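Accompanying notes for the structure given below.
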Amino acid sequence: MRRKIKLNILENLDFYFTLKRFSKVDLYGEKSVEKRSDNALLSNVSITSDGTHILPRGSTSSQFLGEDGKYIEKKDVEIFSEDGQNIELTPSMFRTGVELEEITFSDYFRYNFWMSYYLDVEDFSNFDFLYSECKRLFDNEKLYKFRYAYYDTPENRDAILIPIEENTKIIVVVGRYTPEIYNSLELNVQEITESEEKDEIKFEDVW
């Protein structure tokens, strides 16, 4: 059962929804190549560096170890940035609920997306209002977003709501804001002119 997310869309009015994930495979299907031996299906596995152990898919994981080699639980791990600043975890949206914020179409095209969902609801009594608000913003070249955190996480992600008029659905795409970085060339005309004057060869110096 998918976990519900709480959204306050009006004063004293809570709206609950779940996220149903979909991918390109769901839309377009996929092709796969099977490898067999004597008609038995084969699967890719990893082996240890000494070649004595086979590691099938799902048999490996990562853990945190202290300097003494002892296991440390994830909840006790502190995260720091490259400059030594402690990074606070963003709390899970399932625990805190979410609030909507507006962004422009220009902001949307500065995101790097990697997950997509349908907004799924059981009670449609308030869905029509949410959809109409999303559509109103869309017509004005704006969209709603909310903070996306499946678990407590140091990563900063957003979920953006896109109304689909054909079937009155809302698609939710998740990604990170990645604004462009422009490098502009600044020319000091006075310095260039002075440099050219210094390098200029005079006729009398040659003869």
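Residues in the structure tokens are named by chain (A, B, ... in the order shown) and by number from 1 within that chain; ligands are numbered from 1 in the order shown.
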Filtered DSSP result for chain A, state strand (DSSP E or B), as JSON, numbers by chain: {"A": [5, 6, 7, 8, 9, 10, 13, 14, 15, 16, 17, 18, 19, 20, 21, 22, 36, 37, 40, 41, 46, 47, 54, 55, 64, 65, 71, 72, 80, 86, 90, 98, 101, 102, 103, 104, 111, 112, 113, 114, 115, 116, 117, 118, 119, 120, 142, 143, 144, 145, 146, 147, 148, 153, 157, 158, 159, 160, 161, 162, 163, 164, 169, 170, 171, 172, 173, 174, 175, 176, 177]}
Residues just named, written with C-alpha atoms as a compact mmCIF listing (two decimals), in the first residue's frame:
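Everything below was put into again_20.txt:
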```
# COMPACT_ATOMS: atom_id res chain seq x y z
CA ILE A 5 1.04 12.61 1.57
CA LYS A 6 -0.81 15.44 3.26
CA LEU A 7 -1.28 18.72 1.41
CA ASN A 8 -2.96 21.84 2.73
CA ILE A 9 -4.70 23.39 -0.28
CA LEU A 10 -7.07 25.68 1.63
CA LEU A 13 -8.74 21.83 4.39
CA ASP A 14 -6.33 18.89 4.10
CA PHE A 15 -5.94 16.97 0.88
CA TYR A 16 -4.34 13.49 0.85
CA PHE A 17 -2.76 11.85 -2.17
CA THR A 18 -0.32 9.13 -3.14
CA LEU A 19 2.26 8.99 -5.91
CA LYS A 20 2.05 6.24 -8.53
CA ARG A 21 5.33 5.97 -10.39
CA PHE A 22 5.57 5.43 -14.13
CA ARG A 36 20.35 -18.92 -22.32
CA SER A 37 22.35 -22.13 -22.03
CA ALA A 40 17.97 -22.28 -19.30
CA LEU A 41 17.74 -18.51 -18.67
CA SER A 46 29.40 -10.32 -9.90
CA ILE A 47 32.30 -12.26 -8.46
CA ILE A 54 29.52 -15.41 -6.76
CA LEU A 55 27.41 -12.38 -5.83
CA PHE A 64 28.79 2.91 7.45
CA LEU A 65 31.86 1.91 9.49
CA TYR A 71 29.01 -0.61 12.19
CA ILE A 72 27.27 2.77 12.61
CA PHE A 80 29.11 17.63 6.11
CA ASN A 86 27.01 20.41 8.81
CA THR A 90 15.26 17.45 4.94
CA VAL A 98 3.89 19.44 1.90
CA GLU A 101 4.89 27.05 -4.13
CA GLU A 102 4.69 28.72 -7.53
CA ILE A 103 7.40 28.60 -10.20
CA THR A 104 7.53 29.93 -13.75
CA TYR A 111 15.39 21.40 -13.62
CA ASN A 112 17.08 18.07 -14.15
CA PHE A 113 14.34 15.42 -13.84
CA TRP A 114 14.70 11.69 -13.27
CA MET A 115 11.40 10.43 -11.77
CA SER A 116 7.76 10.78 -12.82
CA TYR A 117 4.48 9.94 -11.09
CA TYR A 118 0.73 10.21 -11.41
CA LEU A 119 -0.95 12.02 -8.55
CA ASP A 120 -3.35 9.37 -7.25
CA LYS A 142 3.34 28.93 -14.04
CA LEU A 143 3.36 25.63 -12.13
CA TYR A 144 3.09 24.39 -8.56
CA LYS A 145 5.95 22.62 -6.83
CA PHE A 146 6.48 21.06 -3.41
CA ARG A 147 9.51 19.78 -1.51
CA TYR A 148 10.17 16.13 -2.31
CA THR A 153 17.61 13.18 3.18
CA ARG A 157 14.66 17.93 -4.64
CA ASP A 158 11.38 19.35 -5.86
CA ALA A 159 8.22 17.76 -7.23
CA ILE A 160 6.39 19.79 -9.90
CA LEU A 161 2.69 19.37 -10.71
CA ILE A 162 1.67 19.40 -14.38
CA PRO A 163 -2.06 19.30 -15.25
CA ILE A 164 -3.00 17.09 -18.22
CA LYS A 169 -4.90 14.13 -14.45
CA ILE A 170 -1.93 15.65 -12.70
CA ILE A 171 1.56 14.39 -13.48
CA VAL A 172 4.28 14.92 -10.89
CA VAL A 173 7.91 15.12 -12.06
CA VAL A 174 10.77 15.07 -9.55
CA GLY A 175 14.16 16.66 -10.04
CA ARG A 176 16.77 19.11 -8.85
CA TYR A 177 17.04 22.78 -9.78
```
For atom CA of Glu165 of chain A and atom CA of Pro179 of chain A, the interatomic separation in Å (one decimal):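 Atom-to-atom, atom CA of Glu165 of chain A and atom CA of Pro179 of chain A are spaced 28.7 Å apart.
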Separation of atom CA of Glu67 of chain A from atom CA of Ser49 of chain A, in Å and rounded to one decimal: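 Computing the Euclidean distance for atom CA of Glu67 of chain A and atom CA of Ser49 of chain A yields 23.8 Å.
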Residue nearest Arg3 of chain A among A:Pro56, A:Pro91, A:Gly97, A:Gly66 (counting only C-alpha atoms): A:Gly97
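Picture a line from atom CA of Met93 of chain A to atom CA of Tyr150 of chain A; it runs 6.3 Å.
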Segment 36-140 of chain A: residues DSSP assigns to helix (DSSP H, G or I), reported as a PyMOL selection string: chain A and resi 74-76+93-96+105-108+127-139
Atoms kept (C-alpha atoms) for selection, written as an mmCIF file, in the first residue's frame:
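Okay, this is what ended up in result-v5.cif:
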```
data_model
loop_
_atom_site.group_PDB
_atom_site.id
_atom_site.type_symbol
_atom_site.label_atom_id
_atom_site.label_comp_id
_atom_site.auth_asym_id
_atom_site.auth_seq_id
_atom_site.Cartn_x
_atom_site.Cartn_y
_atom_site.Cartn_z
ATOM 1 C CA LYS A 74 22.445 5.549 9.393
ATOM 2 C CA LYS A 75 20.471 7.701 11.850
ATOM 3 C CA ASP A 76 23.706 8.401 13.777
ATOM 4 C CA MET A 93 7.245 14.515 3.269
ATOM 5 C CA PHE A 94 5.193 11.592 4.582
ATOM 6 C CA ARG A 95 5.895 12.790 8.111
ATOM 7 C CA THR A 96 5.587 16.555 7.663
ATOM 8 C CA PHE A 105 7.949 27.956 -16.966
ATOM 9 C CA SER A 106 11.484 29.390 -17.167
ATOM 10 C CA ASP A 107 12.258 27.868 -13.770
ATOM 11 C CA TYR A 108 10.828 24.530 -14.907
ATOM 12 C CA PHE A 127 -9.192 17.056 -6.432
ATOM 13 C CA ASP A 128 -11.237 19.207 -8.834
ATOM 14 C CA PHE A 129 -10.228 22.319 -6.920
ATOM 15 C CA LEU A 130 -6.541 21.354 -6.957
ATOM 16 C CA TYR A 131 -6.673 20.537 -10.663
ATOM 17 C CA SER A 132 -8.389 23.841 -11.502
ATOM 18 C CA GLU A 133 -5.733 25.755 -9.558
ATOM 19 C CA CYS A 134 -2.944 23.891 -11.365
ATOM 20 C CA LYS A 135 -4.646 24.562 -14.709
ATOM 21 C CA ARG A 136 -5.110 28.255 -13.876
ATOM 22 C CA LEU A 137 -1.393 28.591 -13.146
ATOM 23 C CA PHE A 138 -0.480 26.604 -16.253
ATOM 24 C CA ASP A 139 -2.498 28.965 -18.443
#
```
Selection near Ile87 of chain A, 12 Å with only C-alpha atoms, sequence-local residues under 3 positions removed, as a ChimeraX atom specification: /A:77-84,90,152-156
Expected file contents, prior selection, C-alpha atoms, as a compact mmCIF listing (two decimals), in the first residue's frame:
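Result file follows (out.txt):
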```
# COMPACT_ATOMS: atom_id res chain seq x y z
CA VAL A 77 25.65 9.56 10.71
CA GLU A 78 26.25 13.30 10.33
CA ILE A 79 26.73 14.77 6.86
CA PHE A 80 29.11 17.63 6.11
CA SER A 81 29.74 19.75 3.03
CA GLU A 82 33.16 20.13 1.41
CA ASP A 83 33.80 23.30 3.44
CA GLY A 84 33.08 21.48 6.71
CA THR A 90 15.26 17.45 4.94
CA ASP A 152 14.94 12.08 5.62
CA THR A 153 17.61 13.18 3.18
CA PRO A 154 20.35 15.80 2.66
CA GLU A 155 19.43 16.10 -1.03
CA ASN A 156 17.35 19.05 -2.17
```
